[in-house]
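Chemist: Just dropping this structure here.
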Amino acid sequence: MCGRFTFASDTETLQQAFFDFEVPMNLSPRYNISPTQDVAVIANTETSPEGGQVEFFHWGLIPSWAKDPSIGNRMINARSETLAEKPSFRSAYKRRRCLILSDGYYEWQKIPGERLKQPVYIRLKSEKPFALAGLWEIWQPKDMEEPIRSCTIITCPPNILLEEIHHRMPVILPQDAYAEWLSPDERSADTLQSLLIPYPDEEMEAYPVSRFVNRPMNDSPECIVPLEDNDPRLF
């Protein structure tokens with residue numbers, strides 16, 4: 001799964017990585033993004049069919065038919081293998097796809113003999129930002145003027161590097177897949193599934209970090225400092 005991630009790259013780096021899209025100039029660096037918070041996405045909305053700009057959606061997908069938005073708390077991830085079958089995701093899978101912007105994410109690894117899991121930070125070796133494959137929905141309650149736009153991160157089996165850390169990983173899309181994924185037209189299940197594969201392990205790296213990241217309120221560069229270089233007071 002993917003339950004915490006970062007989006008802390010500077011504006012110039014983001015503009016280089018997502019040059020086809022409009023990136024805001026005033027983005028604040030985030031080192032510990034948690035479920036139910038707003039996340040940066042590029043979505044194929046009605047006003048921007050091919051995802052022209054970065055917007056902010058609630059992390060935790062709320063299906064349009066939901067009676068209670070709290071259902072989104074359980075919808076932060078969606079398994080790639082069952083998107084076409086699950087009622088919560090199949091409509092969005094056909095028509096409402098998005099890129100969720102990130103530059104790294106965390107997993108908690110079980111350590112033999114240890115009671116607590118070890119947080120691990122995972123990113124590209126290049127340290128460049130990337131796009132996670134996502135789905136989005138719009139939920140319009142009767143008693144609220146503003147609809148809620150929400151999203152979920154798609155996961156797949158891990159690559160060789162990550163399989164000892166966790167049994168799932170988020171789908172990281174290469175740049176040449178952005179246009180296909182954001183297409184406003186319906187795509188065949190085979191075409192879409194061909195994009196939902198593990199990212200090459202040779203282009204990624206993972207290292208342990210302090211349990212400082214365990215608390216969602218801790219949102220600072222200390223979260224991604226390698227454990228061996230960290231201040232012991234952060235434990």
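Following the order of the structure tokens, chains are lettered A, B, ..., residues in each are numbered from 1, and ligands are numbered from 1.
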Determine, using only C-alpha atoms, which residues of segment 10-89 of chain A have any atom at most 8 Å from an atom of segment 179-191 of chain A, and tabulate each with its shortest atom pair and distance in Å to one decimal place, rows ordered by chain and then rising number, as CSV.
Modeler:
```
residue,atom,partner,partner_atom,distance
A:Ala43,CA,A:Leu182,CA,6.8
A:Asn44,CA,A:Leu182,CA,5.5
A:Pro49,CA,A:Pro184,CA,5.6
A:Glu50,CA,A:Leu182,CA,5.6
A:Gly51,CA,A:Leu182,CA,6.5
A:Ala84,CA,A:Ala189,CA,7.4
```
Chemist: Can you list, as a list of chain:residue names, every protein, DNA or RNA residue that comes within 12 Å of segment 112-116 of chain A when you count only C-alpha atoms, leaving out same-chain residues fewer than 2 positions away?
Modeler: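 The residues that qualify are A:Trp108, A:Gln109, A:Lys110, A:Gln118, A:Pro119, A:Ser210, A:Arg211, A:Asn214, A:Phe235.
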Chemist: If you run DSSP on this backbone, which residues of segment 2-235 of chain A come out as alpha helix (DSSP H), and could you give them as a PyMOL selection string?
Modeler: chain A and resi 11-17+90-95+178-182+189-193
Chemist: For those residues, write N, CA and C atoms to a file as a compact mmCIF listing (two decimals), in the first residue's frame.
Modeler:
```txt
# COMPACT_ATOMS: atom_id res chain seq x y z
N THR A 11 9.92 24.39 -7.23
CA THR A 11 9.08 24.70 -8.39
C THR A 11 9.80 24.46 -9.71
N GLU A 12 11.05 24.84 -9.80
CA GLU A 12 11.80 24.65 -11.04
C GLU A 12 11.91 23.18 -11.41
N THR A 13 12.19 22.34 -10.41
CA THR A 13 12.28 20.90 -10.65
C THR A 13 10.94 20.33 -11.09
N LEU A 14 9.87 20.79 -10.47
CA LEU A 14 8.54 20.32 -10.82
C LEU A 14 8.17 20.73 -12.24
N GLN A 15 8.52 21.95 -12.61
CA GLN A 15 8.22 22.41 -13.96
C GLN A 15 8.97 21.62 -15.01
N GLN A 16 10.17 21.17 -14.68
CA GLN A 16 10.94 20.35 -15.61
C GLN A 16 10.34 18.95 -15.72
N ALA A 17 9.87 18.42 -14.60
CA ALA A 17 9.32 17.06 -14.59
C ALA A 17 7.94 16.99 -15.24
N ARG A 90 -14.69 1.08 -10.45
CA ARG A 90 -14.79 0.74 -11.87
C ARG A 90 -15.24 1.89 -12.76
N SER A 91 -16.11 2.77 -12.27
CA SER A 91 -16.53 3.90 -13.07
C SER A 91 -15.39 4.89 -13.26
N ALA A 92 -14.69 5.20 -12.17
CA ALA A 92 -13.56 6.12 -12.26
C ALA A 92 -12.45 5.54 -13.13
N TYR A 93 -12.26 4.24 -13.06
CA TYR A 93 -11.23 3.58 -13.87
C TYR A 93 -11.48 3.79 -15.35
N LYS A 94 -12.73 3.83 -15.75
CA LYS A 94 -13.07 4.02 -17.16
C LYS A 94 -12.88 5.46 -17.62
N ARG A 95 -13.21 6.41 -16.74
CA ARG A 95 -13.32 7.80 -17.21
C ARG A 95 -12.56 8.84 -16.40
N TYR A 178 1.81 9.41 -19.42
CA TYR A 178 0.90 10.40 -18.86
C TYR A 178 -0.30 10.67 -19.77
N ALA A 179 -0.04 10.90 -21.03
CA ALA A 179 -1.12 11.25 -21.96
C ALA A 179 -2.13 10.12 -22.09
N GLU A 180 -1.66 8.90 -22.16
CA GLU A 180 -2.56 7.74 -22.26
C GLU A 180 -3.42 7.62 -21.01
N TRP A 181 -2.80 7.77 -19.86
CA TRP A 181 -3.53 7.62 -18.61
C TRP A 181 -4.57 8.72 -18.42
N LEU A 182 -4.25 9.92 -18.87
CA LEU A 182 -5.14 11.06 -18.68
C LEU A 182 -6.17 11.22 -19.80
N ALA A 189 -9.60 -2.20 -21.04
CA ALA A 189 -8.98 -2.68 -19.80
C ALA A 189 -7.56 -3.16 -20.07
N ASP A 190 -7.34 -3.79 -21.21
CA ASP A 190 -6.00 -4.29 -21.54
C ASP A 190 -5.01 -3.14 -21.68
N THR A 191 -5.43 -2.06 -22.34
CA THR A 191 -4.56 -0.91 -22.53
C THR A 191 -4.18 -0.29 -21.20
N LEU A 192 -5.16 -0.10 -20.33
CA LEU A 192 -4.89 0.51 -19.04
C LEU A 192 -4.07 -0.40 -18.14
N GLN A 193 -4.39 -1.68 -18.12
CA GLN A 193 -3.66 -2.61 -17.27
C GLN A 193 -2.19 -2.70 -17.66
```
Chemist: Which one of A:Val171, A:Ile33, A:Arg97, A:Val23 sits closest to His58 of chain A if you count only C-alpha atoms?
Modeler: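 Nearest candidate to His58 of chain A out of A:Val171, A:Ile33, A:Arg97, A:Val23: A:Ile33.
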Chemist: Kindly indicate which residue among A:Tyr199, A:Trp139, A:Trp65, A:Phe57 lies nearest to Ile160 of chain A, using only C-alpha atoms for the distances.
Modeler: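 Among the listed residues, the smallest separation from Ile160 of chain A belongs to A:Tyr199.
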Chemist: So which residues touch Glu55 of chain A within 9 Å, counting only C-alpha atoms, skipping near sequence neighbours fewer than 3 positions away, as a list in words?
Modeler: Val23, Pro24, Val39, Ala40, Val41, Ile42 and Ala43 of chain A
Chemist: Taking into account only C-alpha atoms, which residue in the set A:Glu146, A:Asp20, A:Pro198, A:Glu127 is nearest to His167 of chain A?
Modeler: A:Pro198
Chemist: Please, what distance in Å, to one decimal, runs between atom CA of Tyr121 of chain A and atom CA of Cys223 of chain A?
Modeler: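 Atom-to-atom, atom CA of Tyr121 of chain A to atom CA of Cys223 of chain A, that is 8.7 Å.
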Chemist: Rank A:Glu81, A:Glu22, A:Asp38, A:Glu137 by their smallest atom-to-atom distance to Ile154 of chain A, using only C-alpha atoms, and report the top residue only.
Modeler: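 The shortest atom-to-atom distance to Ile154 of chain A comes from A:Glu81.
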Chemist: May I ask which of the residues A:Ala66, A:Ile122, A:Leu135, A:Met1 is the closest one to Phe89 of chain A, counting only C-alpha atoms?
Modeler: A:Leu135
Chemist: Please provide the set of residues having any atom within 10 Å of Pro174 of chain A, restricted to only C-alpha atoms, with same-chain residues fewer than 4 positions apart removed, written as a list of chain:residue names.
Modeler: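 In the requested form, the answer reads A:Phe130, A:Ala131, A:Leu132, A:Ala133, A:Tyr178, A:Leu195, A:Tyr199.
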Chemist: Which neighbours of Ile153 of chain A fall inside 7 Å, counting only C-alpha atoms, when residues of the same chain fewer than 2 positions from it are skipped, and could you give them as a PyMOL selection string?
Modeler: chain A and resi 76-78+132-135+151+155+170
